[in-house]
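Here is the structure we will look at.
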Amino acid sequence: MQKLLIRGPTRLRGTIPASGAKNAALPILAACLLCDEEIELRNVPAVRDIRTMLQLLEHLGVENERLGDAVILRPTGRVSPDEAPYELVKTMRASVLVLGPLLARRGHARVSLPGGCAIGVRPIDLHLTGLEALGAAVELEHGYVETRAGQLEGARFRFPQPTVGGTENLLMAACLARGTTVLENCAREPEIVDLARFLVAMGAGIEGAGEDTITIEGRDRLGGARHSVISDRIQDGTYLIAGVLTRGDVTVEGARPADLAPLLEKLDEIGARVDVGEEHIRVRHEGAIKPRGVVTEPFPGFPTDLQAQYMTLMTQADGVSTVSETVFENRFQHVPELVRMGADIHIDGTYARVHGPSALSGTSVMATDLRASACLVLAGLVAEGETFVHRIYHLDRGYEQMESKLQQLGARVERVD
Ligand code: EPZ
């Protein structure tokens with residue numbers, strides 16, 4: 001198994017390019033099931049979750065060809081199953097995103113129930129009640145969810161709480177429903193806006209993506225399209241945090257400041273200098289880091305996907321800060337590993353108190369999920385000596401060439417077997 005070796009401490013300096021957003025590309029790839037024409041997507045990150053989704057699409061009858069950062073998708077027209085099997089879903093929960101498009105296009109979908117994962121229980125009940133509101137019959141049997149519908153019917157549906165995947169599944173399904181669908185209390189993440197832009201390019205009638213209420217006028221069919229995926233606010237945010245953490249000077253070219261506003265506000269509050277252009281973000285920092293608390297919330301709140309990385313930053317702040325995780329119930333698994341490196345963090349349920357600054361020292365640490373892995377790599381950048389981050393297959397799910405980007409910024413990091 002591969003691991004990352006980081007020799008610290010380092011001061012990061014330089015410019016790196018943004019990568020395409022995994023969490024935008026995944027639903028967009030699933031949406032390719034809504035038509036039978038060729039689709040060209042650009043800025044698709046070469047990360048493991050994307051390879052898994054492409055494998056699932058092949059299984060469902062859509063071939064793909066990679067050309068640099070672009071992926072061409074071609075429906076084969078061959079008879080293929082309407083099913084996302086356990087073997088694929090267990091490696092990537094986002095496989096449930098094929099549920100809405102398959103049901104809408106083929107009238108039937110069978111998807112393995114994803115079950116819980118390291119960061120929480122993560123049910124899909126809201127995806128299912130939403131599809132039922134559009135007229136689908138839903139059955140749960142043998143660990144699979146099976147949905148059927150002759151023709152989906154537009155409806156008004158209010159999510160009891162915002163859900164990113166639920167909003168995406170319903171949005172895709174409603175594009176081929178008969179009549180108008182109104183979705184209320186939707187998630188407003190930039191990835192949903194990007195999915196909607198792609199669907200509109202395919203011919204869908206959508207208004208309000210990025211707002212609380214989305215209205216969709218159903219169409220008889222959608223067609224092929226070309227689309228460039230937005231840049232990844234979570235990857236970009238991770239490198240910006242690393243820049244401040246190491247008292248460095250880091251620029252991410254192609255980053256989208258508006259998508260990162262909650263993080264940039266925090267970095268400003270803790271004393272970093274933040275400069276934004278239309279398509280780049282630069283952070284610089286010297287001296288003390290002020291302690292500032294965060295509460296994770298759905299967009300436009302502080303993203304749960306940057307919580308672990310921000311906590312590493314707070315281990316170096318001058319004083320006490322608090323981190324409250326409100327989106328997932330089990331997203332502090334990085335804490336024991338940070339503590340092993342010398343951090344002083346106390347957890348009470350989904351609330352953590354971080355006492356800084358701590359002198360971190362390198363050791364072997366175990367990654368438990370994607371963002372926890374990233375926070376441990378960041379800790380290694382400021383720790384004295386060698387840090388080995390094990391189980392980096394988590395990292396490879398969502399970070400494109402992380403070690404090479406960090407090397408470009410001057411870090412001493414390498415992948416070892
Ligand atoms: C998406 O997950 C992201 N994944 C996650 O990225 C991200 O952390 C999360 O949104 C929140 O921003 C992708 O986009 C592929 P949710 P998703 O449905 O859609 C509860 C990463 O590291 N809920 O918005 O699964 C749920 O349990 C990751 O890249 C229900 O109760 O998140 C959670 O507490 C991990 N019932 C909350 O809602 C449902 O039917 C938000 O989940 C659906 C969700």
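Just so we're on the same page: first chain in the structure tokens is A, next is B, and so on; residues restart at 1 for each chain, and ligands are numbered from 1 in the order they show up.
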Margin query: Just list as a PyMOL selection string whatever in stretch 334-391 of chain A DSSP marks as strand (DSSP E).
Written below: chain A and resi 344-348+351-356+364-366+385-390
Could you take the residues named above and write them with C-alpha atoms, as a tab-separated table (two decimals), in the first residue's frame?
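Listing of selection03.tsv after writing:
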```tsv
chain	number	residue	atom	x	y	z
A	344	ASP	CA	-4.22	19.66	21.89
A	345	ILE	CA	-7.85	19.03	20.89
A	346	HIS	CA	-10.81	18.02	23.04
A	347	ILE	CA	-13.99	16.63	21.53
A	348	ASP	CA	-17.49	16.78	22.95
A	351	TYR	CA	-17.96	20.04	18.96
A	352	ALA	CA	-14.18	20.35	19.26
A	353	ARG	CA	-12.03	22.76	21.23
A	354	VAL	CA	-8.54	23.33	19.83
A	355	HIS	CA	-5.80	24.78	22.05
A	356	GLY	CA	-2.94	26.28	20.06
A	364	SER	CA	2.99	7.57	11.15
A	365	VAL	CA	-0.68	8.51	10.90
A	366	MET	CA	-3.67	6.75	9.40
A	385	GLY	CA	10.62	15.61	11.02
A	386	GLU	CA	9.03	12.87	8.91
A	387	THR	CA	5.28	12.27	8.72
A	388	PHE	CA	3.99	9.14	6.99
A	389	VAL	CA	0.32	9.35	5.97
A	390	HIS	CA	-0.97	5.81	5.44
```
Note to self: Residues near stretch 392-397 of chain A, anyone? I mean within 8 Å using only C-alpha atoms, not counting same-chain ones fewer than 4 positions away, as number ranges by chain.
What the structure shows: A: 2-4, 47-50, 367-371, 373-374
Notebook entry, point to check: Counting only C-alpha atoms and all ligand atoms, which protein, DNA or RNA residues come within 6 Å of ligand 1, given as a VMD selection string?
Noted result: chain A and resid 23 94 121 to 127 163 to 166 304 to 305 327 to 328 370 to 371
Using N, CA and C atoms, can you export the residues from the last selection as a PDB file, in the first residue's frame?
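Just written: out07.pdb:
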```
ATOM      1  N   ASN A  23     -16.904  16.891  -7.136  1.00  0.00           N
ATOM      2  CA  ASN A  23     -18.305  16.818  -6.715  1.00  0.00           C
ATOM      3  C   ASN A  23     -19.261  17.514  -7.681  1.00  0.00           C
ATOM      4  N   ALA A  94     -21.397   8.155  -4.233  1.00  0.00           N
ATOM      5  CA  ALA A  94     -21.984   9.023  -5.258  1.00  0.00           C
ATOM      6  C   ALA A  94     -22.598   8.216  -6.401  1.00  0.00           C
ATOM      7  N   VAL A 121     -23.937   8.249   9.053  1.00  0.00           N
ATOM      8  CA  VAL A 121     -24.923   7.255   8.592  1.00  0.00           C
ATOM      9  C   VAL A 121     -25.304   7.521   7.133  1.00  0.00           C
ATOM     10  N   ARG A 122     -25.501   8.756   6.803  1.00  0.00           N
ATOM     11  CA  ARG A 122     -25.765   9.212   5.437  1.00  0.00           C
ATOM     12  C   ARG A 122     -26.873   8.443   4.715  1.00  0.00           C
ATOM     13  N   PRO A 123     -28.103   8.525   5.215  1.00  0.00           N
ATOM     14  CA  PRO A 123     -29.211   7.849   4.516  1.00  0.00           C
ATOM     15  C   PRO A 123     -29.552   8.536   3.191  1.00  0.00           C
ATOM     16  N   ILE A 124     -30.367   7.870   2.363  1.00  0.00           N
ATOM     17  CA  ILE A 124     -30.815   8.511   1.107  1.00  0.00           C
ATOM     18  C   ILE A 124     -32.342   8.626   1.095  1.00  0.00           C
ATOM     19  N   ASP A 125     -32.941   8.645   2.305  1.00  0.00           N
ATOM     20  CA  ASP A 125     -34.406   8.691   2.406  1.00  0.00           C
ATOM     21  C   ASP A 125     -35.005   9.891   1.668  1.00  0.00           C
ATOM     22  N   LEU A 126     -34.302  11.032   1.679  1.00  0.00           N
ATOM     23  CA  LEU A 126     -34.880  12.230   1.050  1.00  0.00           C
ATOM     24  C   LEU A 126     -34.838  12.129  -0.477  1.00  0.00           C
ATOM     25  N   HIS A 127     -33.829  11.428  -1.012  1.00  0.00           N
ATOM     26  CA  HIS A 127     -33.812  11.190  -2.469  1.00  0.00           C
ATOM     27  C   HIS A 127     -35.085  10.383  -2.823  1.00  0.00           C
ATOM     28  N   THR A 163     -30.157  18.795   1.017  1.00  0.00           N
ATOM     29  CA  THR A 163     -29.247  17.681   0.723  1.00  0.00           C
ATOM     30  C   THR A 163     -28.680  17.885  -0.679  1.00  0.00           C
ATOM     31  N   VAL A 164     -27.362  17.797  -0.776  1.00  0.00           N
ATOM     32  CA  VAL A 164     -26.696  18.038  -2.058  1.00  0.00           C
ATOM     33  C   VAL A 164     -27.082  16.939  -3.061  1.00  0.00           C
ATOM     34  N   GLY A 165     -26.825  15.685  -2.679  1.00  0.00           N
ATOM     35  CA  GLY A 165     -27.117  14.572  -3.585  1.00  0.00           C
ATOM     36  C   GLY A 165     -28.605  14.461  -3.868  1.00  0.00           C
ATOM     37  N   GLY A 166     -29.441  14.704  -2.854  1.00  0.00           N
ATOM     38  CA  GLY A 166     -30.890  14.615  -3.045  1.00  0.00           C
ATOM     39  C   GLY A 166     -31.361  15.664  -4.043  1.00  0.00           C
ATOM     40  N   THR A 304     -18.282  21.642   5.336  1.00  0.00           N
ATOM     41  CA  THR A 304     -17.815  20.502   6.127  1.00  0.00           C
ATOM     42  C   THR A 304     -16.572  19.877   5.488  1.00  0.00           C
ATOM     43  N   ASP A 305     -16.456  19.979   4.162  1.00  0.00           N
ATOM     44  CA  ASP A 305     -15.315  19.354   3.477  1.00  0.00           C
ATOM     45  C   ASP A 305     -13.997  20.096   3.706  1.00  0.00           C
ATOM     46  N   VAL A 327     -22.997  19.117   9.887  1.00  0.00           N
ATOM     47  CA  VAL A 327     -23.515  18.421   8.698  1.00  0.00           C
ATOM     48  C   VAL A 327     -23.440  16.903   8.857  1.00  0.00           C
ATOM     49  N   PHE A 328     -22.307  16.393   9.312  1.00  0.00           N
ATOM     50  CA  PHE A 328     -22.150  14.943   9.506  1.00  0.00           C
ATOM     51  C   PHE A 328     -21.850  14.655  10.975  1.00  0.00           C
ATOM     52  N   LEU A 370     -11.434  10.970   2.957  1.00  0.00           N
ATOM     53  CA  LEU A 370     -10.777  11.885   2.021  1.00  0.00           C
ATOM     54  C   LEU A 370     -10.249  13.163   2.679  1.00  0.00           C
ATOM     55  N   ARG A 371     -11.116  13.902   3.362  1.00  0.00           N
ATOM     56  CA  ARG A 371     -10.676  15.209   3.885  1.00  0.00           C
ATOM     57  C   ARG A 371      -9.816  15.038   5.138  1.00  0.00           C
TER      58      ARG A 371
END
```
What are the nearest atom pairs, with distances in Å to one decimal, for all residues of stretch 57-146 of chain A that come at most 12 Å from stretch 181-205 of chain A, using only C-alpha atoms, set out by chain and rising residue number as CSV?
```
residue,atom,partner,partner_atom,distance
A:Leu97,CA,A:Leu195,CA,11.8
A:Pro101,CA,A:Leu199,CA,11.3
A:Leu126,CA,A:Cys186,CA,11.3
A:His127,CA,A:Cys186,CA,11.8
A:Gly130,CA,A:Leu183,CA,9.0
A:Leu131,CA,A:Thr181,CA,11.3
A:Ala133,CA,A:Thr181,CA,9.8
A:Leu134,CA,A:Thr181,CA,8.2
A:Gly135,CA,A:Thr181,CA,11.7
```
List the neighbours of A:Val323 out to 12 Å using only C-alpha atoms; skip same-chain residues closer than 2 positions along the sequence, and give me the result as an mmCIF file with N, CA, C and O atoms, in the first residue's frame.
```cif
data_model
loop_
_atom_site.group_PDB
_atom_site.id
_atom_site.type_symbol
_atom_site.label_atom_id
_atom_site.label_comp_id
_atom_site.auth_asym_id
_atom_site.auth_seq_id
_atom_site.Cartn_x
_atom_site.Cartn_y
_atom_site.Cartn_z
ATOM 1 N N PRO A 291 -6.836 32.794 16.688
ATOM 2 C CA PRO A 291 -7.803 31.691 16.772
ATOM 3 C C PRO A 291 -9.202 32.183 16.379
ATOM 4 O O PRO A 291 -9.628 33.234 16.840
ATOM 5 N N ARG A 292 -9.877 31.460 15.525
ATOM 6 C CA ARG A 292 -11.255 31.793 15.136
ATOM 7 C C ARG A 292 -12.051 30.506 14.974
ATOM 8 O O ARG A 292 -11.596 29.578 14.318
ATOM 9 N N GLY A 293 -13.241 30.465 15.551
ATOM 10 C CA GLY A 293 -14.059 29.259 15.478
ATOM 11 C C GLY A 293 -14.786 29.140 14.139
ATOM 12 O O GLY A 293 -14.971 30.137 13.439
ATOM 13 N N VAL A 294 -15.193 27.906 13.807
ATOM 14 C CA VAL A 294 -16.069 27.719 12.640
ATOM 15 C C VAL A 294 -17.214 26.777 13.001
ATOM 16 O O VAL A 294 -17.073 25.908 13.869
ATOM 17 N N VAL A 295 -18.326 26.985 12.309
ATOM 18 C CA VAL A 295 -19.472 26.081 12.392
ATOM 19 C C VAL A 295 -19.739 25.636 10.963
ATOM 20 O O VAL A 295 -19.939 26.481 10.084
ATOM 21 N N THR A 296 -19.687 24.338 10.702
ATOM 22 C CA THR A 296 -19.935 23.894 9.326
ATOM 23 C C THR A 296 -21.430 23.952 9.044
ATOM 24 O O THR A 296 -22.249 23.645 9.912
ATOM 25 N N GLU A 297 -21.759 24.330 7.823
ATOM 26 C CA GLU A 297 -23.162 24.456 7.427
ATOM 27 C C GLU A 297 -23.273 24.248 5.923
ATOM 28 O O GLU A 297 -22.283 24.396 5.215
ATOM 29 N N PHE A 302 -19.805 27.620 6.141
ATOM 30 C CA PHE A 302 -18.447 27.075 6.059
ATOM 31 C C PHE A 302 -18.544 25.581 5.701
ATOM 32 O O PHE A 302 -19.249 24.821 6.359
ATOM 33 N N PRO A 303 -17.829 25.120 4.656
ATOM 34 C CA PRO A 303 -18.030 23.743 4.171
ATOM 35 C C PRO A 303 -17.483 22.671 5.114
ATOM 36 O O PRO A 303 -16.355 22.785 5.589
ATOM 37 N N THR A 304 -18.282 21.642 5.336
ATOM 38 C CA THR A 304 -17.815 20.502 6.127
ATOM 39 C C THR A 304 -16.572 19.877 5.488
ATOM 40 O O THR A 304 -15.719 19.340 6.192
ATOM 41 N N LEU A 306 -14.046 21.251 4.391
ATOM 42 C CA LEU A 306 -12.794 21.946 4.747
ATOM 43 C C LEU A 306 -12.583 21.989 6.266
ATOM 44 O O LEU A 306 -11.631 22.598 6.744
ATOM 45 N N GLN A 307 -13.485 21.332 6.989
ATOM 46 C CA GLN A 307 -13.416 21.399 8.456
ATOM 47 C C GLN A 307 -12.130 20.794 9.006
ATOM 48 O O GLN A 307 -11.454 21.387 9.863
ATOM 49 N N ALA A 308 -11.753 19.618 8.509
ATOM 50 C CA ALA A 308 -10.564 18.934 9.050
ATOM 51 C C ALA A 308 -9.300 19.749 8.757
ATOM 52 O O ALA A 308 -8.431 19.921 9.630
ATOM 53 N N GLN A 309 -9.200 20.284 7.530
ATOM 54 C CA GLN A 309 -8.021 21.066 7.152
ATOM 55 C C GLN A 309 -7.940 22.344 7.994
ATOM 56 O O GLN A 309 -6.871 22.757 8.424
ATOM 57 N N TYR A 310 -9.115 22.952 8.247
ATOM 58 C CA TYR A 310 -9.136 24.178 9.052
ATOM 59 C C TYR A 310 -8.723 23.863 10.493
ATOM 60 O O TYR A 310 -8.060 24.674 11.146
ATOM 61 N N MET A 311 -9.096 22.688 10.962
ATOM 62 C CA MET A 311 -8.717 22.332 12.332
ATOM 63 C C MET A 311 -7.190 22.214 12.454
ATOM 64 O O MET A 311 -6.602 22.636 13.452
ATOM 65 N N THR A 312 -6.540 21.670 11.441
ATOM 66 C CA THR A 312 -5.069 21.623 11.450
ATOM 67 C C THR A 312 -4.521 23.045 11.561
ATOM 68 O O THR A 312 -3.588 23.303 12.322
ATOM 69 N N LEU A 313 -5.115 23.970 10.826
ATOM 70 C CA LEU A 313 -4.668 25.365 10.883
ATOM 71 C C LEU A 313 -4.813 25.911 12.305
ATOM 72 O O LEU A 313 -3.920 26.590 12.824
ATOM 73 N N MET A 314 -5.926 25.585 12.963
ATOM 74 C CA MET A 314 -6.162 26.114 14.322
ATOM 75 C C MET A 314 -5.201 25.521 15.359
ATOM 76 O O MET A 314 -4.998 26.102 16.414
ATOM 77 N N THR A 315 -4.594 24.352 15.046
ATOM 78 C CA THR A 315 -3.601 23.821 16.003
ATOM 79 C C THR A 315 -2.393 24.749 16.092
ATOM 80 O O THR A 315 -1.612 24.669 17.020
ATOM 81 N N VAL A 320 -7.374 29.599 21.926
ATOM 82 C CA VAL A 320 -8.381 28.526 21.839
ATOM 83 C C VAL A 320 -9.381 28.836 20.726
ATOM 84 O O VAL A 320 -9.871 29.959 20.626
ATOM 85 N N SER A 321 -9.666 27.821 19.930
ATOM 86 C CA SER A 321 -10.718 27.994 18.915
ATOM 87 C C SER A 321 -11.656 26.794 18.982
ATOM 88 O O SER A 321 -11.287 25.738 19.502
ATOM 89 N N GLU A 325 -19.236 20.766 14.048
ATOM 90 C CA GLU A 325 -19.584 20.065 12.800
ATOM 91 C C GLU A 325 -21.079 19.772 12.827
ATOM 92 O O GLU A 325 -21.541 18.948 13.626
ATOM 93 N N THR A 326 -21.849 20.449 11.985
ATOM 94 C CA THR A 326 -23.308 20.255 12.039
ATOM 95 C C THR A 326 -23.841 19.433 10.870
ATOM 96 O O THR A 326 -25.021 19.111 10.839
ATOM 97 N N ARG A 331 -17.507 13.293 11.951
ATOM 98 C CA ARG A 331 -16.461 13.785 11.071
ATOM 99 C C ARG A 331 -15.266 14.354 11.832
ATOM 100 O O ARG A 331 -14.642 15.321 11.387
ATOM 101 N N PHE A 332 -14.916 13.701 12.947
ATOM 102 C CA PHE A 332 -13.746 14.144 13.719
ATOM 103 C C PHE A 332 -12.707 13.028 13.817
ATOM 104 O O PHE A 332 -11.925 13.004 14.762
ATOM 105 N N VAL A 335 -9.047 13.704 14.458
ATOM 106 C CA VAL A 335 -8.575 14.307 15.722
ATOM 107 C C VAL A 335 -7.578 13.409 16.473
ATOM 108 O O VAL A 335 -6.490 13.872 16.840
ATOM 109 N N ILE A 345 -6.449 18.873 21.352
ATOM 110 C CA ILE A 345 -7.847 19.032 20.891
ATOM 111 C C ILE A 345 -8.750 18.187 21.777
ATOM 112 O O ILE A 345 -8.442 17.019 22.041
ATOM 113 N N HIS A 346 -9.856 18.760 22.214
ATOM 114 C CA HIS A 346 -10.811 18.021 23.041
ATOM 115 C C HIS A 346 -12.152 17.984 22.319
ATOM 116 O O HIS A 346 -12.638 19.017 21.864
ATOM 117 N N ILE A 347 -12.729 16.784 22.261
ATOM 118 C CA ILE A 347 -13.990 16.632 21.525
ATOM 119 C C ILE A 347 -15.134 16.412 22.506
ATOM 120 O O ILE A 347 -15.001 15.653 23.470
ATOM 121 N N ASP A 348 -16.265 17.050 22.209
ATOM 122 C CA ASP A 348 -17.490 16.781 22.946
ATOM 123 C C ASP A 348 -18.582 16.618 21.893
ATOM 124 O O ASP A 348 -19.111 17.600 21.381
ATOM 125 N N GLY A 349 -18.871 15.390 21.529
ATOM 126 C CA GLY A 349 -19.853 15.126 20.476
ATOM 127 C C GLY A 349 -19.369 15.661 19.141
ATOM 128 O O GLY A 349 -18.326 15.246 18.636
ATOM 129 N N THR A 350 -20.132 16.609 18.601
ATOM 130 C CA THR A 350 -19.755 17.157 17.289
ATOM 131 C C THR A 350 -19.121 18.542 17.446
ATOM 132 O O THR A 350 -19.165 19.378 16.531
ATOM 133 N N TYR A 351 -18.545 18.743 18.637
ATOM 134 C CA TYR A 351 -17.964 20.041 18.958
ATOM 135 C C TYR A 351 -16.526 19.801 19.404
ATOM 136 O O TYR A 351 -16.268 18.912 20.220
ATOM 137 N N ALA A 352 -15.582 20.551 18.870
ATOM 138 C CA ALA A 352 -14.180 20.350 19.257
ATOM 139 C C ALA A 352 -13.588 21.673 19.714
ATOM 140 O O ALA A 352 -13.923 22.740 19.192
ATOM 141 N N ARG A 353 -12.711 21.579 20.716
ATOM 142 C CA ARG A 353 -12.025 22.763 21.227
ATOM 143 C C ARG A 353 -10.540 22.541 20.952
ATOM 144 O O ARG A 353 -9.974 21.527 21.351
ATOM 145 N N VAL A 354 -9.938 23.482 20.234
ATOM 146 C CA VAL A 354 -8.535 23.334 19.832
ATOM 147 C C VAL A 354 -7.698 24.354 20.591
ATOM 148 O O VAL A 354 -7.979 25.554 20.520
ATOM 149 N N HIS A 355 -6.695 23.868 21.322
ATOM 150 C CA HIS A 355 -5.801 24.780 22.050
ATOM 151 C C HIS A 355 -4.509 24.897 21.249
ATOM 152 O O HIS A 355 -3.817 23.906 21.024
#
```
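If you count only C-alpha atoms and ignore residues fewer than 3 places along the chain from A:Arg7, what sits within 9 Å of it is Thr10, Gly362, Gly380, Leu381, Val382, Ala383, Glu384, Gly385, Glu386, Thr387, Phe388, Ala411, Arg412, Val413 and Glu414 of chain A.
Non-sequential neighbours of stretch 61-63 of chain A (distance at most 9 Å, separation of 3 or more positions within a chain, only C-alpha atoms) are Cys32, Leu33, Asp36, Leu54, Gln55, Leu56, Leu57, Glu58, Ile72, Leu73, Arg74, Pro75, Thr76, Gly77, Arg78, Val79, Ser80 and Pro81 of chain A.
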Keeping only C-alpha atoms, write the selected residues as a PDB file, in the first residue's frame.
```pdb
ATOM      1  CA  CYS A  32     -25.162  11.803 -19.296  1.00  0.00           C
ATOM      2  CA  LEU A  33     -27.622   8.926 -18.816  1.00  0.00           C
ATOM      3  CA  ASP A  36     -28.493   9.187 -26.199  1.00  0.00           C
ATOM      4  CA  LEU A  54     -16.911   6.164 -15.616  1.00  0.00           C
ATOM      5  CA  GLN A  55     -16.774   2.440 -14.863  1.00  0.00           C
ATOM      6  CA  LEU A  56     -20.377   2.560 -13.625  1.00  0.00           C
ATOM      7  CA  LEU A  57     -21.469   4.430 -16.778  1.00  0.00           C
ATOM      8  CA  GLU A  58     -19.784   1.775 -18.937  1.00  0.00           C
ATOM      9  CA  ILE A  72     -16.066  12.194 -24.343  1.00  0.00           C
ATOM     10  CA  LEU A  73     -19.098  10.101 -23.464  1.00  0.00           C
ATOM     11  CA  ARG A  74     -20.908   8.020 -26.059  1.00  0.00           C
ATOM     12  CA  PRO A  75     -24.060   6.045 -25.320  1.00  0.00           C
ATOM     13  CA  THR A  76     -23.635   2.668 -27.054  1.00  0.00           C
ATOM     14  CA  GLY A  77     -27.348   1.904 -27.438  1.00  0.00           C
ATOM     15  CA  ARG A  78     -26.645  -1.707 -26.456  1.00  0.00           C
ATOM     16  CA  VAL A  79     -28.994  -3.390 -24.012  1.00  0.00           C
ATOM     17  CA  SER A  80     -27.517  -2.798 -20.579  1.00  0.00           C
ATOM     18  CA  PRO A  81     -28.690  -3.200 -16.995  1.00  0.00           C
TER      19      PRO A  81
END
```
Next item on the list: Please provide the set of residues having any atom within 8 Å of A:Ile206, restricted to only C-alpha atoms, with same-chain residues fewer than 5 positions apart removed, written as a PyMOL selection string.
Entry: chain A and resi 175+196+200+214-217
Kindly save the residues from that selection, with N, CA and C atoms included, as a short mmCIF file (atom, residue, chain, number, x, y, z; two decimals), in the first residue's frame.
```
data_model
loop_
_atom_site.label_atom_id
_atom_site.label_comp_id
_atom_site.auth_asym_id
_atom_site.auth_seq_id
_atom_site.Cartn_x
_atom_site.Cartn_y
_atom_site.Cartn_z
N CYS A 175 -36.07 16.78 -15.01
CA CYS A 175 -35.85 17.31 -16.38
C CYS A 175 -36.66 16.53 -17.42
N ALA A 196 -26.80 22.21 -13.08
CA ALA A 196 -27.95 22.83 -13.75
C ALA A 196 -27.51 23.47 -15.08
N VAL A 200 -29.06 22.50 -18.66
CA VAL A 200 -29.65 23.50 -19.56
C VAL A 200 -28.98 23.40 -20.93
N ILE A 214 -35.99 25.69 -6.81
CA ILE A 214 -35.62 25.44 -8.21
C ILE A 214 -36.88 24.99 -8.95
N THR A 215 -37.11 25.61 -10.11
CA THR A 215 -38.28 25.24 -10.92
C THR A 215 -37.79 24.58 -12.21
N ILE A 216 -38.36 23.44 -12.51
CA ILE A 216 -37.92 22.67 -13.68
C ILE A 216 -39.12 22.42 -14.59
N GLU A 217 -38.99 22.82 -15.85
CA GLU A 217 -40.03 22.51 -16.84
C GLU A 217 -39.59 21.23 -17.54
#
```
Check: Excluding same-chain residues fewer than 4 positions from A:Val138, what lies within 9 Å of it counting only C-alpha atoms, as an MDAnalysis selection string?
Finding: chainID A and resid 128:129 131:132 145:148
Could you write out that same residue set with N, CA, C and O atoms as a short mmCIF file (atom, residue, chain, number, x, y, z; two decimals), in the first residue's frame?
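The result, stored in again.cif:
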```
data_model
loop_
_atom_site.label_atom_id
_atom_site.label_comp_id
_atom_site.auth_asym_id
_atom_site.auth_seq_id
_atom_site.Cartn_x
_atom_site.Cartn_y
_atom_site.Cartn_z
N LEU A 128 -35.37 9.40 -1.97
CA LEU A 128 -36.46 8.47 -2.30
C LEU A 128 -37.83 9.11 -2.14
O LEU A 128 -38.69 8.95 -3.01
N THR A 129 -38.04 9.88 -1.04
CA THR A 129 -39.37 10.51 -0.90
C THR A 129 -39.57 11.54 -2.01
O THR A 129 -40.68 11.72 -2.50
N LEU A 131 -38.39 11.29 -5.12
CA LEU A 131 -38.74 10.56 -6.35
C LEU A 131 -40.18 10.05 -6.26
O LEU A 131 -40.91 10.04 -7.27
N GLU A 132 -40.59 9.66 -5.06
CA GLU A 132 -42.00 9.22 -4.89
C GLU A 132 -42.95 10.37 -5.19
O GLU A 132 -44.00 10.17 -5.80
N VAL A 145 -32.29 -0.53 -3.58
CA VAL A 145 -33.49 0.25 -3.76
C VAL A 145 -33.90 0.11 -5.23
O VAL A 145 -33.07 0.25 -6.12
N GLU A 146 -35.16 -0.23 -5.42
CA GLU A 146 -35.66 -0.43 -6.79
C GLU A 146 -36.76 0.59 -7.02
O GLU A 146 -37.71 0.69 -6.24
N THR A 147 -36.63 1.37 -8.07
CA THR A 147 -37.63 2.39 -8.35
C THR A 147 -38.19 2.18 -9.76
O THR A 147 -37.45 1.80 -10.68
N ARG A 148 -39.50 2.43 -9.89
CA ARG A 148 -40.16 2.28 -11.19
C ARG A 148 -41.11 3.46 -11.41
O ARG A 148 -41.68 3.98 -10.44
#
```
Next item on the list: Give me every helix (DSSP H, G or I) residue in stretch 145-232 of chain A, going by DSSP on the backbone, as a ChimeraX atom specification.
Entry: /A:164-174,190-201
Next item on the list: Select, from A:Arg256, A:His285, A:His227, A:Arg66, the residue with the minimum atom-to-atom distance to A:Glu269, counting only C-alpha atoms.
Entry: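 Once distances to A:Glu269 are computed over only C-alpha atoms, the minimum belongs to A:His285.
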Notebook entry, point to check: Quick one: of A:Leu88, A:Leu140, A:Ile234, A:Ala31, who's nearest to A:Ser19, counting only C-alpha atoms?
Noted result: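 Nearest candidate to A:Ser19 out of A:Leu88, A:Leu140, A:Ile234, A:Ala31: A:Ile234.
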Notebook entry, point to check: So, counting only C-alpha atoms, which residue among A:Ala272, A:Leu406, A:Ala46, A:Ile39 is closest to A:Arg247?
Noted result: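 For A:Arg247, the nearest of the candidates is A:Ala272.
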Item checked: Å distance separating atom CA of A:Val98 from atom CA of A:Met172, one decimal place -> 9.2 Å
Next item on the list: Tell me, in Å to one decimal, how far atom CA of A:Gln235 is from atom CA of A:Arg51.
Entry: 17.8 Å
